[in-house]
Amino acid sequence: MSLTADSMRCGEFRTTYKADTTIFPTPRSRNFAIAGLIVLLFAPHVLDTYYTNLLIQIGYYGIAALGLNILVGFSGQISLGHSAFFGFGAFASAWISNNFGVPVILAIPLAGLMTTAVGMIVGIPAARIKGLYLAIATLAAQFILEDFFNRADWFSGGSAGSVAQPLNLFGFVFATDKSYFYVVLFFMVVMYLAGSNLLRSRDGRAFVAVRDHYLSAEIMGINLTKYRILAFGVSSFYAGIGGALFGHYLGFVSAEGFTILLSIQFLAMIIIGGLGSVMGTLLGTVFIVLLPEVMEALMTTLGSQLPGLERGVSYLKEMAIGLAIVLFLIFEPDGLAHRWKQIKAYWKLYPFSY
Amino acid sequence: MAQEDGEVLLEVRNLTLAFGGVQALRGVSLEVLKNEIFSIIGPNGAGKTSLLNCISGRYRPQQGSIIFRGQDITRDKPNKRCAAGIGRTFQNLALYSHMTVLDNILVGRHHLLRNNFLTGALYWLGAQKEELEHRREVEDIIDFLEISHIRKAIAGTLSYGLRKRVELARAVALRPQLLLLDEPMAGMNHEEKEEMARYILDLNEEWGMTIVMIEHDMGVVMDISHRVAVLDFGAKIVEGRPEEVMADPRVRAAYLGDEMALAEEQSTVA
């Protein structure tokens, strides 16, 4: 049988360099993403407030986690102070919109820029130190910023916290979960697209080059100091945007939410999702946000089945979360993104998947 | 081919480099002419890689200067030197092992690309156009080095010979005038060596690159170099045409030791 013009094509054929550098590897994966987005557009109308709230959480944490992944996963540095940047974004956005009459929709990106500035200052030691030493330096930033939130009454309202106005666009107030979901979704899509674009262009490659082999990166003309600090800047911008969305969602920002615990949760998101993967960041965020909910439901069922366990349910939940994370790291050290790739490879060749 | 009276592209003047009490280079001077293949040989620990590291900016010499195209670059940072026109490969592979081959080579275009983190994140305002243009040029290099079948492979998964070739591709992507190759054929089999020698000759003759190469395989060095310099204990002992260098008793002494060289001399006489 000879091949004719109307023979069925198998596989993907790319005939231009443009088609070879798209964010989504195949048209089908792109269509799936668009379909998923359309489904999400209807989500708040179908789901009740509880689930919409979870989706919103995934949104703002997901944005901040992508920033951390750009810093840790792509440029190979480390930060234990990400939640402080997240918090700084929340306070900054509230501060800008309360004191300068800037509409919230502009205050959010401005807060991102302010956080970028702070992040780059914190990142200056990164020009000199690496690894564990850098981790300690960023830990210092975490505590300094936390202290700043508590003391700087003019900025954060001190220990009382500060009020963040709801987002108001052309007279429409996004005060309900249902409406705010769309705000978060918009920012999420924009920030993830921008992140993916960054990583397929010059500076994104430079980040990865600095991570993989900084000596040869320097010989290739990459200014190490500039890119190390720039990674902190980009990372903080994402944290700031995520934090600002968080602040305007809750309507009230207070310092105790932005502890080292949240920083470690951000790290858990990207490690479980997959370091150096945009898609993995999202999967990891979903995992970390939903895991307590799933465990809660599981343990409540278990508690009602086994009498005498009711009082221990909350402890069991915490332990089960820890266990799930540990098991994940043992059996899937490369993260959910890697697992996803393997599932795809399996189905591609099904049923001859050996 | 080599021009006897061609212009000097790189001049190394009286270079001295010491690590504590160890004198890695002792007053090395040499001139590399435009469009020649210049080999540096010498026993292990002679200072060959140290010399290359000084030229590419990894090390700062304590004394002496490096003049490239009439400019003193001795104090320039390494990341400035590729814009000046110096590219290099490494003795131990220095690829970005988690990136694809294509991205590895595109990193070489870093100093030629103009898009930044803002336009890059938008992938707009010329960023996409520029990326695609450079992709086209990178594809030329990929074709030339015959690595098109692995362009989407992750660099860390490739065989040693292919990785060496990708590293060469990345250095060529810098579009350098002077290409520094640190043992381009180490650990290769005969066939791979022949291919690598052909690429080096083509880069020299068709792409017009001046090549400074460190290599231990004497057969290759003698076959393709226009001139050879021999280092021993951080000092240049001989420089000249390959056949002159080979015949020089000082070179034999450096490689074989004084007594061995003497014994060999006598056995040839007898």
# chains A, B, ... in the order shown; residues from 1 in each chain; ligands from 1
call {"tool": "closest_atom_pairs", "arguments": {"of": "chain B", "to": "chain A", "cutoff": "6 Å", "atoms": "only C-alpha atoms", "output": "tab-separated table"}}
result
residue	atom	partner	partner_atom	distance
B:Pro78	CA	A:Ile219	CA	5.5
B:Asn79	CA	A:Gly221	CA	3.8
B:Cys82	CA	A:Gly221	CA	5.8
B:Tyr96	CA	A:Asp212	CA	5.0
B:Gly108	CA	A:Met220	CA	5.6
B:His111	CA	A:Gly221	CA	5.8
B:Asn116	CA	A:Asp203	CA	5.9
B:Phe117	CA	A:Asp203	CA	5.6
B:Gly120	CA	A:Leu198	CA	5.0
B:Ala121	CA	A:Leu198	CA	4.1
B:Leu122	CA	A:Ala194	CA	5.9
B:Tyr123	CA	A:Asn197	CA	5.8
call {"tool": "write_last_selection", "arguments": {"atoms": "N, CA and C atoms", "output": "mmCIF file, in the first residue's frame"}}
result
data_model
loop_
_atom_site.group_PDB
_atom_site.id
_atom_site.type_symbol
_atom_site.label_atom_id
_atom_site.label_comp_id
_atom_site.auth_asym_id
_atom_site.auth_seq_id
_atom_site.Cartn_x
_atom_site.Cartn_y
_atom_site.Cartn_z
ATOM 1 N N PRO B 78 34.602 37.222 32.403
ATOM 2 C CA PRO B 78 34.385 36.165 31.408
ATOM 3 C C PRO B 78 33.144 36.386 30.550
ATOM 4 N N ASN B 79 32.076 36.901 31.157
ATOM 5 C CA ASN B 79 30.847 37.049 30.367
ATOM 6 C C ASN B 79 30.917 38.198 29.368
ATOM 7 N N CYS B 82 32.782 36.809 25.460
ATOM 8 C CA CYS B 82 32.170 36.177 24.301
ATOM 9 C C CYS B 82 31.635 37.226 23.349
ATOM 10 N N TYR B 96 24.557 21.990 29.884
ATOM 11 C CA TYR B 96 23.447 22.118 30.827
ATOM 12 C C TYR B 96 22.652 20.824 30.715
ATOM 13 N N GLY B 108 24.044 29.618 23.760
ATOM 14 C CA GLY B 108 25.200 30.240 23.108
ATOM 15 C C GLY B 108 24.861 31.538 22.399
ATOM 16 N N HIS B 111 24.338 36.287 24.092
ATOM 17 C CA HIS B 111 24.859 37.653 23.962
ATOM 18 C C HIS B 111 24.445 38.299 22.654
ATOM 19 N N ASN B 116 14.421 40.458 26.562
ATOM 20 C CA ASN B 116 14.731 40.337 27.994
ATOM 21 C C ASN B 116 13.551 39.713 28.731
ATOM 22 N N PHE B 117 13.590 39.769 30.055
ATOM 23 C CA PHE B 117 12.551 39.071 30.821
ATOM 24 C C PHE B 117 11.172 39.693 30.619
ATOM 25 N N GLY B 120 10.366 38.874 26.760
ATOM 26 C CA GLY B 120 10.342 37.421 26.704
ATOM 27 C C GLY B 120 9.091 36.855 27.348
ATOM 28 N N ALA B 121 8.681 37.447 28.478
ATOM 29 C CA ALA B 121 7.484 36.965 29.166
ATOM 30 C C ALA B 121 6.234 37.248 28.333
ATOM 31 N N LEU B 122 6.262 38.343 27.570
ATOM 32 C CA LEU B 122 5.136 38.623 26.680
ATOM 33 C C LEU B 122 5.233 37.797 25.400
ATOM 34 N N TYR B 123 6.464 37.396 25.053
ATOM 35 C CA TYR B 123 6.757 36.716 23.799
ATOM 36 C C TYR B 123 6.228 37.539 22.629
#
call {"tool": "residues_around", "arguments": {"residues": "Phe155 (chain A)", "least_positions_apart": "5", "cutoff": "12 Å", "atoms": "only C-alpha atoms", "output": "MDAnalysis selection string"}}
result
chainID A and resid 88:99 145 148:150 160:163 253:255
call {"tool": "write_last_selection", "arguments": {"atoms": "N, CA and C atoms", "output": "PDB file, in the first residue's frame"}}
result
ATOM      1  N   PHE A  88       4.095  40.414  52.011  1.00  0.00           N
ATOM      2  CA  PHE A  88       4.423  41.785  51.647  1.00  0.00           C
ATOM      3  C   PHE A  88       3.517  42.262  50.511  1.00  0.00           C
ATOM      4  N   GLY A  89       3.261  41.390  49.556  1.00  0.00           N
ATOM      5  CA  GLY A  89       2.365  41.741  48.462  1.00  0.00           C
ATOM      6  C   GLY A  89       0.974  42.071  48.963  1.00  0.00           C
ATOM      7  N   ALA A  90       0.486  41.275  49.927  1.00  0.00           N
ATOM      8  CA  ALA A  90      -0.857  41.503  50.476  1.00  0.00           C
ATOM      9  C   ALA A  90      -0.932  42.853  51.180  1.00  0.00           C
ATOM     10  N   PHE A  91       0.066  43.117  52.032  1.00  0.00           N
ATOM     11  CA  PHE A  91       0.065  44.398  52.753  1.00  0.00           C
ATOM     12  C   PHE A  91       0.247  45.565  51.802  1.00  0.00           C
ATOM     13  N   ALA A  92       1.169  45.387  50.836  1.00  0.00           N
ATOM     14  CA  ALA A  92       1.474  46.496  49.931  1.00  0.00           C
ATOM     15  C   ALA A  92       0.238  46.882  49.132  1.00  0.00           C
ATOM     16  N   SER A  93      -0.499  45.877  48.656  1.00  0.00           N
ATOM     17  CA  SER A  93      -1.672  46.177  47.849  1.00  0.00           C
ATOM     18  C   SER A  93      -2.730  46.895  48.689  1.00  0.00           C
ATOM     19  N   ALA A  94      -2.926  46.424  49.923  1.00  0.00           N
ATOM     20  CA  ALA A  94      -3.875  47.089  50.820  1.00  0.00           C
ATOM     21  C   ALA A  94      -3.422  48.520  51.097  1.00  0.00           C
ATOM     22  N   TRP A  95      -2.127  48.683  51.340  1.00  0.00           N
ATOM     23  CA  TRP A  95      -1.564  49.992  51.674  1.00  0.00           C
ATOM     24  C   TRP A  95      -1.724  50.963  50.510  1.00  0.00           C
ATOM     25  N   ILE A  96      -1.402  50.492  49.306  1.00  0.00           N
ATOM     26  CA  ILE A  96      -1.494  51.367  48.131  1.00  0.00           C
ATOM     27  C   ILE A  96      -2.938  51.781  47.901  1.00  0.00           C
ATOM     28  N   SER A  97      -3.861  50.808  47.960  1.00  0.00           N
ATOM     29  CA  SER A  97      -5.246  51.148  47.633  1.00  0.00           C
ATOM     30  C   SER A  97      -5.896  51.968  48.748  1.00  0.00           C
ATOM     31  N   ASN A  98      -5.480  51.771  49.997  1.00  0.00           N
ATOM     32  CA  ASN A  98      -6.078  52.536  51.089  1.00  0.00           C
ATOM     33  C   ASN A  98      -5.565  53.966  51.154  1.00  0.00           C
ATOM     34  N   ASN A  99      -4.262  54.145  50.917  1.00  0.00           N
ATOM     35  CA  ASN A  99      -3.651  55.447  51.174  1.00  0.00           C
ATOM     36  C   ASN A  99      -3.537  56.350  49.966  1.00  0.00           C
ATOM     37  N   LEU A 145      11.091  40.479  57.695  1.00  0.00           N
ATOM     38  CA  LEU A 145       9.843  40.975  57.124  1.00  0.00           C
ATOM     39  C   LEU A 145       8.669  40.735  58.074  1.00  0.00           C
ATOM     40  N   PHE A 148       8.807  43.299  60.567  1.00  0.00           N
ATOM     41  CA  PHE A 148       8.404  44.560  59.932  1.00  0.00           C
ATOM     42  C   PHE A 148       6.879  44.677  59.875  1.00  0.00           C
ATOM     43  N   PHE A 149       6.207  43.584  59.511  1.00  0.00           N
ATOM     44  CA  PHE A 149       4.738  43.603  59.450  1.00  0.00           C
ATOM     45  C   PHE A 149       4.143  43.942  60.812  1.00  0.00           C
ATOM     46  N   ASN A 150       4.759  43.422  61.851  1.00  0.00           N
ATOM     47  CA  ASN A 150       4.229  43.640  63.196  1.00  0.00           C
ATOM     48  C   ASN A 150       4.481  45.044  63.719  1.00  0.00           C
ATOM     49  N   ALA A 160      -2.517  44.910  64.603  1.00  0.00           N
ATOM     50  CA  ALA A 160      -3.960  44.920  64.339  1.00  0.00           C
ATOM     51  C   ALA A 160      -4.278  44.471  62.910  1.00  0.00           C
ATOM     52  N   GLY A 161      -3.324  44.580  62.025  1.00  0.00           N
ATOM     53  CA  GLY A 161      -3.559  44.219  60.635  1.00  0.00           C
ATOM     54  C   GLY A 161      -4.184  45.360  59.862  1.00  0.00           C
ATOM     55  N   SER A 162      -4.423  45.165  58.586  1.00  0.00           N
ATOM     56  CA  SER A 162      -5.037  46.237  57.800  1.00  0.00           C
ATOM     57  C   SER A 162      -6.152  45.692  56.916  1.00  0.00           C
ATOM     58  N   VAL A 163      -7.048  46.595  56.593  1.00  0.00           N
ATOM     59  CA  VAL A 163      -8.219  46.217  55.795  1.00  0.00           C
ATOM     60  C   VAL A 163      -7.883  46.348  54.318  1.00  0.00           C
ATOM     61  N   VAL A 253      -5.882  41.780  56.149  1.00  0.00           N
ATOM     62  CA  VAL A 253      -4.553  41.175  56.137  1.00  0.00           C
ATOM     63  C   VAL A 253      -3.931  41.313  57.513  1.00  0.00           C
ATOM     64  N   SER A 254      -3.468  40.214  58.085  1.00  0.00           N
ATOM     65  CA  SER A 254      -2.760  40.326  59.357  1.00  0.00           C
ATOM     66  C   SER A 254      -1.505  39.467  59.319  1.00  0.00           C
ATOM     67  N   ALA A 255      -0.529  39.884  60.128  1.00  0.00           N
ATOM     68  CA  ALA A 255       0.827  39.363  59.969  1.00  0.00           C
ATOM     69  C   ALA A 255       0.966  37.881  60.288  1.00  0.00           C
TER      70      ALA A 255
END
call {"tool": "select_by_dssp", "arguments": {"residues": "region 16-196 of chain A", "states": "alpha helix (DSSP H)", "output": "MDAnalysis selection string"}}
result
chainID A and resid 17:20 27:46 49:69 82:99 104:123 131:151 153:156 177:196
call {"tool": "residues_around", "arguments": {"residues": "Met196 (chain B)", "least_positions_apart": "4", "cutoff": "10 Å", "atoms": "only C-alpha atoms", "output": "ChimeraX atom specification"}}
result
/B:145,161,164-165,168,184-185,188,190-192,200-202,220
call {"tool": "write_last_selection", "arguments": {"atoms": "C-alpha atoms", "output": "compact mmCIF listing (two decimals), in the first residue's frame"}}
result
# COMPACT_ATOMS: atom_id res chain seq x y z
CA LEU B 145 27.66 19.16 13.14
CA GLY B 161 31.04 11.71 21.88
CA LYS B 164 31.37 16.77 23.04
CA ARG B 165 29.82 17.64 19.71
CA LEU B 168 31.25 22.40 20.18
CA PRO B 184 38.10 18.22 21.95
CA MET B 185 38.99 14.61 21.26
CA MET B 188 36.78 9.47 21.76
CA HIS B 190 39.10 6.68 16.24
CA GLU B 191 36.05 7.34 14.10
CA GLU B 192 34.78 10.10 16.39
CA ILE B 200 37.58 21.65 13.31
CA LEU B 201 39.10 21.98 9.86
CA ASP B 202 35.76 23.10 8.40
CA VAL B 220 45.70 14.82 15.23
call {"tool": "atom_distance", "arguments": {"atom1": "CA of Ile237 (chain B)", "atom2": "CA of Arg198 (chain B)"}}
result
28.8 Å
call {"tool": "residues_around", "arguments": {"residues": "region 74-79 of chain A", "least_positions_apart": "2", "cutoff": "6 Å", "atoms": "only C-alpha atoms", "output": "ChimeraX atom specification"}}
result
/A:70-72,81,135,138,207-208,211,276
call {"tool": "write_last_selection", "arguments": {"atoms": "N, CA and C atoms", "output": "CSV table (one decimal), in the first residue's frame"}}
result
chain,number,residue,atom,x,y,z
A,70,ILE,N,10.3,29.2,39.8
A,70,ILE,CA,11.2,29.9,38.9
A,70,ILE,C,12.5,30.1,39.6
A,71,LEU,N,12.4,30.5,40.9
A,71,LEU,CA,13.6,30.7,41.7
A,71,LEU,C,14.4,29.4,42.0
A,72,VAL,N,13.6,28.4,42.5
A,72,VAL,CA,14.2,27.2,43.0
A,72,VAL,C,14.4,26.2,41.9
A,81,GLY,N,12.0,32.2,52.4
A,81,GLY,CA,11.2,33.4,52.8
A,81,GLY,C,10.1,33.7,51.9
A,135,ALA,N,20.0,29.6,51.9
A,135,ALA,CA,18.7,29.3,52.6
A,135,ALA,C,18.6,30.1,54.0
A,138,THR,N,17.9,33.8,53.4
A,138,THR,CA,16.5,34.1,53.1
A,138,THR,C,15.7,33.9,54.3
A,207,PHE,N,18.4,31.4,33.1
A,207,PHE,CA,18.1,30.9,34.5
A,207,PHE,C,18.6,29.5,34.6
A,208,VAL,N,18.1,28.7,33.6
A,208,VAL,CA,18.4,27.2,33.7
A,208,VAL,C,19.9,27.0,33.5
A,211,ARG,N,21.6,27.5,36.6
A,211,ARG,CA,21.4,26.4,37.5
A,211,ARG,C,22.2,25.2,37.2
A,276,GLY,N,11.2,22.7,38.5
A,276,GLY,CA,11.5,23.0,37.1
A,276,GLY,C,10.4,22.6,36.1
call {"tool": "atom_distance", "arguments": {"atom1": "CA of Gly284 (chain A)", "atom2": "CA of Ile272 (chain A)"}}
result
5.3 Å
call {"tool": "atom_distance", "arguments": {"atom1": "CA of His216 (chain B)", "atom2": "CA of Gly57 (chain B)"}}
result
22.9 Å
call {"tool": "select_by_dssp", "arguments": {"residues": "region 10-253 of chain B", "states": "strand (DSSP E or B)", "output": "ChimeraX atom specification"}}
result
/B:10-19,22-33,37-41,63-68,71-72,86-88,100,154,178-182,210-214,227-232,235-240
call {"tool": "closest_residue", "arguments": {"among": "B:Ile86, B:Leu125, B:Ala253, B:Leu33", "to": "Glu7 (chain B)", "atoms": "only C-alpha atoms"}}
result
B:Leu33
call {"tool": "residues_around", "arguments": {"residues": "region 59-61 of chain A", "least_positions_apart": "5", "cutoff": "8 Å", "atoms": "only C-alpha atoms", "output": "ChimeraX atom specification"}}
result
/A:184-185,188,241-243,245-246,266,285
call {"tool": "write_last_selection", "arguments": {"atoms": "C-alpha atoms", "output": "PDB file, in the first residue's frame"}}
result
ATOM      1  CA  VAL A 184      -8.111  35.014  40.326  1.00  0.00           C
ATOM      2  CA  LEU A 185      -8.583  32.927  37.210  1.00  0.00           C
ATOM      3  CA  MET A 188      -3.634  32.927  37.057  1.00  0.00           C
ATOM      4  CA  ILE A 241       0.682  39.247  42.966  1.00  0.00           C
ATOM      5  CA  GLY A 242      -0.448  36.059  44.713  1.00  0.00           C
ATOM      6  CA  GLY A 243      -0.373  37.805  48.084  1.00  0.00           C
ATOM      7  CA  LEU A 245      -5.017  38.558  45.438  1.00  0.00           C
ATOM      8  CA  PHE A 246      -5.110  36.799  48.797  1.00  0.00           C
ATOM      9  CA  PHE A 266       5.236  26.662  49.124  1.00  0.00           C
ATOM     10  CA  THR A 285      -0.519  23.407  44.502  1.00  0.00           C
TER      11      THR A 285
END
call {"tool": "residues_around", "arguments": {"residues": "Met99 (chain B)", "least_positions_apart": "5", "cutoff": "8 Å", "atoms": "only C-alpha atoms", "output": "VMD selection string"}}
result
(chain A and resid 208) or (chain B and resid 104 154 to 156)
call {"tool": "decode", "arguments": {"residues": "region 121-157 of chain B", "atoms": "C-alpha atoms", "output": "compact mmCIF listing (two decimals), in the first residue's frame"}}
result
# COMPACT_ATOMS: atom_id res chain seq x y z
CA ALA B 121 7.48 36.96 29.17
CA LEU B 122 5.14 38.62 26.68
CA TYR B 123 6.76 36.72 23.80
CA TRP B 124 5.93 39.76 21.79
CA LEU B 125 7.46 43.09 20.72
CA GLY B 126 9.96 41.30 18.55
CA ALA B 127 10.86 38.59 21.02
CA GLN B 128 9.23 35.81 19.05
CA LYS B 129 10.60 37.02 15.73
CA GLU B 130 14.09 37.22 17.16
CA GLU B 131 13.89 33.81 18.80
CA LEU B 132 12.83 32.25 15.51
CA GLU B 133 15.60 33.97 13.55
CA HIS B 134 18.20 32.66 15.93
CA ARG B 135 16.60 29.26 15.85
CA ARG B 136 17.22 29.25 12.12
CA GLU B 137 20.89 30.06 12.57
CA VAL B 138 21.22 27.45 15.29
CA GLU B 139 19.72 24.93 12.90
CA ASP B 140 22.56 25.68 10.47
CA ILE B 141 25.04 24.76 13.17
CA ILE B 142 23.03 21.64 14.01
CA ASP B 143 23.10 20.60 10.37
CA PHE B 144 26.81 21.27 10.09
CA LEU B 145 27.66 19.16 13.14
CA GLU B 146 25.17 16.46 12.15
CA ILE B 147 23.26 16.39 15.39
CA SER B 148 19.80 17.06 13.99
CA HIS B 149 18.53 13.67 15.14
CA ILE B 150 19.16 14.54 18.79
CA ARG B 151 18.12 18.18 18.83
CA LYS B 152 15.22 17.51 21.18
CA ALA B 153 17.11 15.09 23.41
CA ILE B 154 18.06 16.04 26.95
CA ALA B 155 21.79 16.76 26.89
CA GLY B 156 22.54 14.71 30.01
CA THR B 157 21.25 11.52 28.39
